[in-house]
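Enquirer: Supplied structure: start_34.tsv, TSV, C-alpha atoms.
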chain	number	residue	atom	x	y	z
A	10	MET	CA	59.50	87.76	60.12
A	11	VAL	CA	60.28	91.42	60.74
A	12	GLN	CA	58.55	93.80	58.34
A	13	LYS	CA	59.94	96.92	56.73
A	14	VAL	CA	58.39	100.29	57.51
A	15	ILE	CA	58.70	103.74	55.98
A	16	LEU	CA	60.84	105.79	58.33
A	17	ALA	CA	59.54	109.21	57.29
A	18	PRO	CA	57.81	111.00	54.42
A	19	GLN	CA	60.17	110.66	51.42
A	20	GLY	CA	62.30	108.49	53.67
A	21	PRO	CA	63.74	105.00	53.32
A	22	GLN	CA	62.26	101.67	54.29
A	23	LEU	CA	63.99	100.15	57.33
A	24	SER	CA	63.26	97.00	59.29
A	25	GLU	CA	61.07	97.44	62.39
A	26	LEU	CA	63.97	96.20	64.50
A	27	VAL	CA	67.54	97.37	63.92
A	28	GLN	CA	70.71	95.44	64.65
A	29	GLY	CA	73.28	97.56	66.43
A	30	TYR	CA	76.96	96.94	65.82
A	31	TRP	CA	78.45	99.33	68.40
A	32	ARG	CA	79.82	96.41	70.43
A	33	VAL	CA	81.02	94.19	67.58
A	34	ALA	CA	84.65	94.64	68.69
A	35	ASP	CA	83.70	93.00	72.01
A	36	TRP	CA	82.10	89.96	70.34
A	37	HIS	CA	85.51	88.49	69.48
A	38	MET	CA	84.25	87.00	66.23
A	39	THR	CA	86.23	86.13	63.13
A	40	PRO	CA	85.16	87.86	59.89
A	41	GLU	CA	83.43	84.61	58.91
A	42	GLN	CA	81.52	84.51	62.19
A	43	ARG	CA	80.48	88.14	61.77
A	44	LEU	CA	79.19	87.36	58.29
A	45	ALA	CA	77.28	84.33	59.58
A	46	PHE	CA	75.64	86.48	62.27
A	47	LEU	CA	74.74	89.13	59.68
A	48	ARG	CA	73.15	86.51	57.45
A	49	GLN	CA	71.20	85.06	60.37
A	50	HIS	CA	69.57	88.31	61.44
A	51	VAL	CA	68.87	89.29	57.82
A	52	GLU	CA	67.01	85.98	57.43
A	53	LEU	CA	64.87	87.02	60.41
A	54	GLY	CA	64.01	90.25	58.60
A	55	VAL	CA	66.31	92.46	60.70
A	56	THR	CA	67.91	94.05	57.66
A	57	THR	CA	68.89	97.46	59.03
A	58	VAL	CA	72.28	97.83	60.75
A	59	ASP	CA	73.34	100.71	62.98
A	60	HIS	CA	76.91	102.05	63.12
A	61	ALA	CA	78.89	105.15	64.00
A	62	ASP	CA	82.38	106.19	63.01
A	63	ILE	CA	83.57	106.20	66.65
A	64	TYR	CA	82.17	102.85	67.78
A	65	GLY	CA	84.79	100.50	69.18
A	66	ASN	CA	87.37	103.30	69.21
A	67	TYR	CA	86.91	103.74	65.46
A	68	GLU	CA	87.12	99.97	64.80
A	69	CYS	CA	83.54	98.68	64.44
A	70	GLU	CA	82.83	99.91	60.90
A	71	ARG	CA	86.06	98.29	59.72
A	72	LEU	CA	85.19	94.98	61.40
A	73	PHE	CA	81.76	95.01	59.75
A	74	GLY	CA	83.32	95.86	56.41
A	75	GLU	CA	85.68	92.89	56.68
A	76	ALA	CA	82.69	90.58	57.04
A	77	LEU	CA	80.70	92.27	54.29
A	78	ALA	CA	83.62	91.92	51.89
A	79	LEU	CA	83.34	88.14	52.16
A	80	ASP	CA	79.91	88.28	50.48
A	81	LYS	CA	79.28	91.58	48.74
A	82	SER	CA	75.86	90.40	47.52
A	83	ILE	CA	74.42	90.84	51.00
A	84	ARG	CA	74.85	94.62	50.66
A	85	GLN	CA	71.72	94.61	48.49
A	86	GLN	CA	69.72	93.10	51.34
A	87	ILE	CA	70.65	95.54	54.12
A	88	GLN	CA	70.26	99.20	54.98
A	89	ILE	CA	73.26	100.87	56.61
A	90	VAL	CA	72.86	103.67	59.16
A	91	THR	CA	75.96	105.41	60.47
A	92	LYS	CA	76.83	108.61	62.34
A	93	CYS	CA	79.44	111.31	62.62
A	94	ASN	CA	80.50	114.53	64.46
A	95	ILE	CA	81.89	113.13	67.74
A	96	MET	CA	85.65	113.64	67.99
A	97	LEU	CA	87.23	111.24	70.49
A	98	CYS	CA	90.63	111.76	72.04
A	99	GLY	CA	92.74	108.71	72.74
A	100	ASP	CA	95.54	106.55	71.47
A	101	LYS	CA	94.34	106.89	67.87
A	102	THR	CA	93.96	110.67	68.07
A	103	PRO	CA	96.77	111.84	70.40
A	104	GLN	CA	96.59	115.37	68.98
A	105	ARG	CA	93.20	115.93	70.67
A	106	LYS	CA	93.08	117.11	74.28
A	107	ILE	CA	89.37	116.49	74.96
A	108	ASN	CA	86.36	114.78	73.40
A	109	HIS	CA	84.37	117.31	71.44
A	110	TYR	CA	82.01	117.72	68.47
A	111	ASN	CA	82.68	118.84	64.91
A	112	SER	CA	79.74	119.40	62.56
A	113	SER	CA	81.69	121.30	59.92
A	114	GLN	CA	81.18	120.56	56.25
A	115	GLN	CA	84.79	119.43	55.92
A	116	HIS	CA	84.55	116.94	58.78
A	117	ILE	CA	81.15	115.51	57.77
A	118	ILE	CA	82.36	114.79	54.24
A	119	ALA	CA	85.69	113.40	55.43
A	120	SER	CA	83.94	111.18	57.97
A	121	VAL	CA	81.61	109.77	55.33
A	122	GLU	CA	84.54	109.04	53.03
A	123	ASN	CA	86.25	107.18	55.87
A	124	SER	CA	83.06	105.25	56.75
A	125	LEU	CA	82.64	104.17	53.13
A	126	ARG	CA	86.21	102.87	53.09
A	127	ASN	CA	85.84	101.04	56.38
A	128	LEU	CA	82.45	99.54	55.55
A	129	GLN	CA	83.70	98.70	52.03
A	130	VAL	CA	80.54	100.07	50.39
A	131	ASP	CA	79.76	102.84	47.88
A	132	ASN	CA	76.74	104.32	49.62
A	133	ILE	CA	75.33	104.91	53.10
A	134	ASP	CA	71.55	104.65	53.35
A	135	VAL	CA	71.13	107.00	56.33
A	136	LEU	CA	73.71	109.38	57.84
A	137	LEU	CA	73.01	110.87	61.27
A	138	LEU	CA	74.67	113.70	63.12
A	139	HIS	CA	75.56	111.83	66.32
A	140	ARG	CA	75.12	114.55	68.95
A	141	ALA	CA	73.62	118.01	69.22
A	142	ASP	CA	76.49	120.46	68.73
A	143	ALA	CA	76.40	123.99	70.18
A	144	LEU	CA	78.73	125.07	67.36
A	145	MET	CA	76.66	123.50	64.56
A	146	ASP	CA	76.15	125.91	61.68
A	147	ALA	CA	72.94	124.62	60.09
A	148	ASP	CA	73.72	126.20	56.72
A	149	GLU	CA	77.11	124.49	56.62
A	150	VAL	CA	75.61	121.11	57.53
A	151	ALA	CA	73.02	121.59	54.77
A	152	GLN	CA	75.83	122.20	52.27
A	153	ALA	CA	77.58	119.02	53.38
A	154	PHE	CA	74.37	117.01	53.07
A	155	ALA	CA	73.69	118.43	49.59
A	156	THR	CA	77.20	117.53	48.44
A	157	LEU	CA	76.94	113.98	49.77
A	158	LYS	CA	73.49	113.51	48.28
A	159	ALA	CA	74.55	114.80	44.86
A	160	SER	CA	77.56	112.47	44.80
A	161	GLY	CA	75.37	109.46	45.62
A	162	LYS	CA	77.39	108.69	48.74
A	163	VAL	CA	74.47	109.19	51.16
A	164	SER	CA	70.79	108.64	50.39
A	165	HIS	CA	69.07	110.08	53.49
A	166	PHE	CA	69.95	112.19	56.51
A	167	GLY	CA	68.85	112.41	60.12
A	168	VAL	CA	70.08	113.21	63.61
A	169	SER	CA	70.73	111.51	66.91
A	170	ASN	CA	70.19	112.87	70.43
A	171	PHE	CA	68.83	116.19	69.14
A	172	THR	CA	66.35	118.40	70.98
A	173	PRO	CA	63.10	119.25	69.21
A	174	ARG	CA	64.37	122.78	68.62
A	175	GLY	CA	67.68	121.56	67.23
A	176	PHE	CA	65.84	119.19	64.90
A	177	GLU	CA	63.63	122.03	63.64
A	178	LEU	CA	66.64	124.31	63.15
A	179	LEU	CA	68.47	121.87	60.91
A	180	GLN	CA	65.29	120.91	59.07
A	181	SER	CA	64.66	124.58	58.26
A	182	ARG	CA	67.79	124.57	56.08
A	183	LEU	CA	67.06	121.35	54.18
A	184	ASP	CA	64.93	120.62	51.13
A	185	ALA	CA	64.38	116.96	52.04
A	186	PRO	CA	63.05	115.84	55.43
A	187	LEU	CA	65.31	114.55	58.17
A	188	VAL	CA	64.26	110.91	58.39
A	189	THR	CA	64.79	110.16	62.11
A	190	ASN	CA	66.08	111.25	65.50
A	191	GLN	CA	67.89	108.37	67.23
A	192	VAL	CA	67.36	108.80	70.98
A	193	GLU	CA	67.61	106.86	74.22
A	194	ILE	CA	64.35	105.18	75.22
A	195	ASN	CA	64.10	102.66	78.04
A	196	PRO	CA	62.07	102.22	81.23
A	197	LEU	CA	64.78	103.96	83.28
A	198	ASN	CA	65.17	106.95	80.95
A	199	PHE	CA	62.39	108.12	78.69
A	200	ASP	CA	62.78	111.89	79.00
A	201	VAL	CA	62.13	112.17	75.26
A	202	ALA	CA	58.51	111.25	75.96
A	203	ASP	CA	58.20	114.38	78.13
A	204	ASP	CA	60.45	117.00	76.49
A	205	GLY	CA	58.63	117.22	73.16
A	206	THR	CA	61.04	115.05	71.17
A	207	LEU	CA	58.58	112.25	70.49
A	208	ASP	CA	55.71	114.72	70.06
A	209	LEU	CA	57.64	116.36	67.23
A	210	MET	CA	58.39	112.99	65.63
A	211	GLN	CA	54.70	112.09	65.71
A	212	THR	CA	53.78	115.51	64.30
A	213	LEU	CA	56.13	114.94	61.37
A	214	ARG	CA	55.12	111.27	60.96
A	215	THR	CA	58.81	110.49	61.37
A	216	ARG	CA	59.80	107.43	63.35
A	217	PRO	CA	62.55	107.75	65.95
A	218	MET	CA	65.16	105.06	66.46
A	219	ALA	CA	65.53	103.90	70.08
A	220	TRP	CA	68.99	103.18	71.48
A	221	SER	CA	69.83	101.53	74.81
A	222	CYS	CA	66.37	99.98	75.15
A	223	LEU	CA	67.72	97.70	77.89
A	224	ALA	CA	69.47	100.60	79.67
A	225	GLY	CA	72.88	99.04	79.20
A	226	GLY	CA	71.87	96.13	81.44
A	227	ALA	CA	70.99	98.35	84.41
A	228	ILE	CA	67.40	97.08	84.36
A	229	PHE	CA	68.64	93.54	84.98
A	230	SER	CA	71.41	94.19	87.50
A	231	GLY	CA	70.98	97.72	88.82
A	232	ASP	CA	70.57	98.03	92.59
A	233	THR	CA	68.94	101.47	92.69
A	234	GLU	CA	65.40	101.69	94.02
A	235	GLN	CA	64.22	102.71	90.56
A	236	ALA	CA	65.84	99.73	88.86
A	237	GLN	CA	64.43	97.34	91.44
A	238	ARG	CA	60.90	98.76	91.10
A	239	VAL	CA	61.04	98.58	87.30
A	240	ARG	CA	62.50	95.08	87.31
A	241	GLY	CA	59.72	93.84	89.58
A	242	GLU	CA	57.00	95.35	87.39
A	243	LEU	CA	58.56	93.95	84.21
A	244	GLU	CA	58.71	90.49	85.79
A	245	ALA	CA	55.00	90.71	86.63
A	246	LEU	CA	54.17	91.83	83.10
A	247	LYS	CA	56.27	89.03	81.65
A	248	GLU	CA	53.91	86.53	83.29
A	249	GLU	CA	50.78	88.43	82.24
A	250	LEU	CA	51.86	88.78	78.62
A	251	GLY	CA	53.29	85.29	78.28
A	252	ALA	CA	56.70	86.68	77.39
A	253	CYS	CA	59.85	84.60	77.62
A	254	SER	CA	61.96	87.36	79.17
A	255	ILE	CA	61.72	90.91	80.44
A	256	ASP	CA	63.73	91.93	77.35
A	257	GLN	CA	60.65	91.16	75.30
A	258	VAL	CA	58.44	93.20	77.63
A	259	ILE	CA	60.80	96.17	77.27
A	260	TYR	CA	60.74	96.01	73.47
A	261	ALA	CA	56.93	95.87	73.56
A	262	TRP	CA	56.91	98.85	75.96
A	263	VAL	CA	59.13	100.93	73.66
A	264	ARG	CA	57.09	100.03	70.58
A	265	LYS	CA	53.84	101.02	72.32
A	266	LEU	CA	54.80	104.69	71.97
A	267	PRO	CA	52.67	106.27	69.21
A	268	SER	CA	55.71	107.77	67.48
A	269	LYS	CA	56.49	104.10	66.64
A	270	PRO	CA	60.19	103.91	67.53
A	271	LEU	CA	62.47	101.36	65.88
A	272	PRO	CA	64.30	99.57	68.74
A	273	ILE	CA	68.00	98.89	68.24
A	274	ILE	CA	69.25	95.49	69.43
A	275	GLY	CA	72.72	95.51	70.90
A	276	SER	CA	73.46	91.82	71.35
A	277	GLY	CA	75.75	89.77	69.13
A	278	LYS	CA	73.94	86.56	70.07
A	279	ILE	CA	71.40	85.42	67.51
A	280	GLU	CA	69.24	83.91	70.28
A	281	ARG	CA	68.77	87.40	71.75
A	282	VAL	CA	67.91	88.80	68.33
A	283	THR	CA	65.37	86.01	67.77
A	284	SER	CA	63.84	86.78	71.17
A	285	ALA	CA	63.49	90.46	70.20
A	286	VAL	CA	61.76	89.43	66.98
A	287	GLU	CA	59.30	87.32	68.98
A	288	ALA	CA	58.52	90.40	71.10
A	289	LEU	CA	56.79	91.94	68.08
A	290	LYS	CA	53.88	89.61	68.81
A	291	LEU	CA	53.23	91.06	72.28
A	292	ASP	CA	50.28	93.41	72.74
A	293	MET	CA	50.47	95.67	75.79
A	294	THR	CA	47.51	97.64	77.18
A	295	ASN	CA	47.70	101.32	78.12
A	296	GLU	CA	47.42	100.41	81.81
A	297	GLN	CA	50.28	97.91	81.54
A	298	TRP	CA	52.45	100.54	79.85
A	299	TYR	CA	51.72	103.04	82.61
A	300	ARG	CA	52.53	100.50	85.31
A	301	VAL	CA	56.11	100.62	84.02
A	302	TRP	CA	55.92	104.44	83.94
A	303	VAL	CA	54.81	104.52	87.60
A	304	ALA	CA	57.49	102.03	88.63
A	305	SER	CA	60.14	104.15	86.95
A	306	LYS	CA	58.96	107.52	88.27
A	307	GLY	CA	58.22	106.24	91.77
A	308	HIS	CA	54.84	107.98	91.88
A	309	GLY	CA	51.47	107.85	90.18
A	310	VAL	CA	50.40	109.91	87.20
A	311	PRO	CA	49.27	113.51	87.87
For the structure just supplied, provide its representation as structure tokens.

Expert:
Amino acid sequence: MVQKVILAPQGPQLSELVQGYWRVADWHMTPEQRLAFLRQHVELGVTTVDHADIYGNYECERLFGEALALDKSIRQQIQIVTKCNIMLCGDKTPQRKINHYNSSQQHIIASVENSLRNLQVDNIDVLLLHRADALMDADEVAQAFATLKASGKVSHFGVSNFTPRGFELLQSRLDAPLVTNQVEINPLNFDVADDGTLDLMQTLRTRPMAWSCLAGGAIFSGDTEQAQRVRGELEALKEELGACSIDQVIYAWVRKLPSKPLPIIGSGKIERVTSAVEALKLDMTNEQWYRVWVASKGHGVP
């Protein structure tokens, strides 16, 4: 059973593993099947769900909301994370010429209102700014957050893909702590372990959320020298640790980081979620962790 952990000082309690819904449009499930999947991972203790307004070309929140509407009681058992500030251009937004960011007060509030309608809920547990925005006015974002907090529409706030300096800038304008920075962490890309991002999270006792832990499948099928080296090392560690799959080794590797990231699971198959839950039992040594580091970097430690 997955336990809940405190995400940050004054922050919410989220499950140690998070179920991502960014691909729910590709799962080709009926609303009833989506609800059944939600119930199954909640029973495993994976009670936190991760969304963004743009996922599935602005469709994924609505698909989740359809399922949730079939059993509104389950809302009391889950914690909803969603994001905003990416502006996609496409068939649904023909007036836009390019993808860009918008962290204005007006857009943040409008995006939350739209997410609430699509998810068919009254409150979002954690709202994240999706991407670092060169045009972000921290004072304006703080005003938006204060408005949403006062209205009861959002309980906590955080960021995603922010630099340490960007995180500190926004935090300097807020009374309550930002509760997370959702960043990419996997054996092919863990720059956040070197650029100060995870150091800052550990300093603040704030747990990051880790997206793309499996590198979008590149670890399993990539033909680069790096992917092949990493895959070989993970296979060796799978045998040593008694893991059932290299997925489990990867989750253990991510969770070994002392900032204590919360891995996000991207699969819509309950068997894969159950496997990730089983990975919580794995105990990796420092040397085993660094074997993956060396395989990824292609050289030994300094």

Enquirer: Nearest residue to A:Val192 out of A:Trp262, A:Trp220, A:Tyr299, A:Phe166, using only C-alpha atoms?

Expert: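 That would be A:Trp220, the residue with the smallest distance to A:Val192.
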
Enquirer: Point out the residue among A:Cys253, A:Leu209, A:Met218, A:Ile15 with the least atom-to-atom distance to A:Pro272, counting all atoms listed in the file.

Expert: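 Among the listed residues, the smallest separation from A:Pro272 belongs to A:Met218.
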
Enquirer: Using only C-alpha atoms, pick whichever of A:Pro173, A:Gly29, A:Pro103, A:Pro217 has the shortest atom-to-atom distance to A:Ser276.

Expert: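 Of A:Pro173, A:Gly29, A:Pro103, A:Pro217, the one nearest A:Ser276, counting only C-alpha atoms, is A:Gly29.
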
Enquirer: Find the residues around A:Gln191 up to 10 Å (only C-alpha atoms counted), leave out those fewer than 6 positions away in its own chain, and share them as a list in words.

Expert: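 Here the answer would be Leu137, Leu138, His139, Arg140, Gly167, Val168, Ser169, Asn170, Phe171, Arg216, Pro217, Met218, Ala219, Trp220, Pro270, Leu271, Pro272 and Ile273 of chain A.
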
Enquirer: List every protein, DNA or RNA residue that has an atom no more than 12 Å from (56.9, 85.3, 64.9) in the file's coordinate frame, counting all atoms listed in the file, and report them as a list in words.

Expert: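 Within the cut-off we find Met10, Val11, Gln12, Leu53, Gly54, Thr283, Ser284, Ala285, Val286, Glu287, Ala288, Leu289, Lys290 and Leu291 of chain A.
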
Enquirer: I'd like the neighbourhood of A:Leu16 as a VMD selection string, where a residue qualifies if any of its atoms comes within 9 Å (using all atoms listed in the file), though same-chain residues fewer than 5 positions away should be ignored.

Expert: chain A and resid 21 to 23 188 to 189 214 to 217 271
